[in-house]
Amino acid sequence: NGRLAFTYVDPRRFTLTLAETYLGDRLSSESGLSLDDAFVTDVSGSWESENRRIRIDAGVYNLFDEAIEVAPLVPTAGRLITASVKARF
């Protein structure tokens, strides 16, 4: 298993991250059967206001909708899209 990520930080207060995760052969804790290996790509970014009171985050995890087993013959939900806005008062 391993993860490689690259993050770009722009002086205009935004970041962009591209990450690749390798899930090698694993054994199911329930049945002891081998689970398939997989590569998973994630992209995320954020922006923060100049006074740092507002932050917007967004990400797409499992960008290419790779089928990943969490148990024998049980795949994950697939691609996940997230977004959030945080405000400081």
# chains A, B, ... in the order shown; residues from 1 in each chain; ligands from 1
call {"tool": "residues_around", "arguments": {"residues": "Glu50 of chain A", "least_positions_apart": "4", "cutoff": "9 Å", "atoms": "only C-alpha atoms", "output": "PyMOL selection string"}}
result
chain A and resi 12-13+54
call {"tool": "closest_residue", "arguments": {"among": "A:Asp57, A:Leu23, A:Leu73, A:Ile68", "to": "Ser44 of chain A", "atoms": "only C-alpha atoms"}}
result
A:Asp57
call {"tool": "closest_residue", "arguments": {"among": "A:Gly59, A:Leu16, A:Val70, A:Lys86", "to": "Ser34 of chain A", "atoms": "only C-alpha atoms"}}
result
A:Val70
call {"tool": "atom_distance", "arguments": {"atom1": "atom CA of Thr17 of chain A", "atom2": "atom CA of Trp47 of chain A"}}
result
12.1 Å
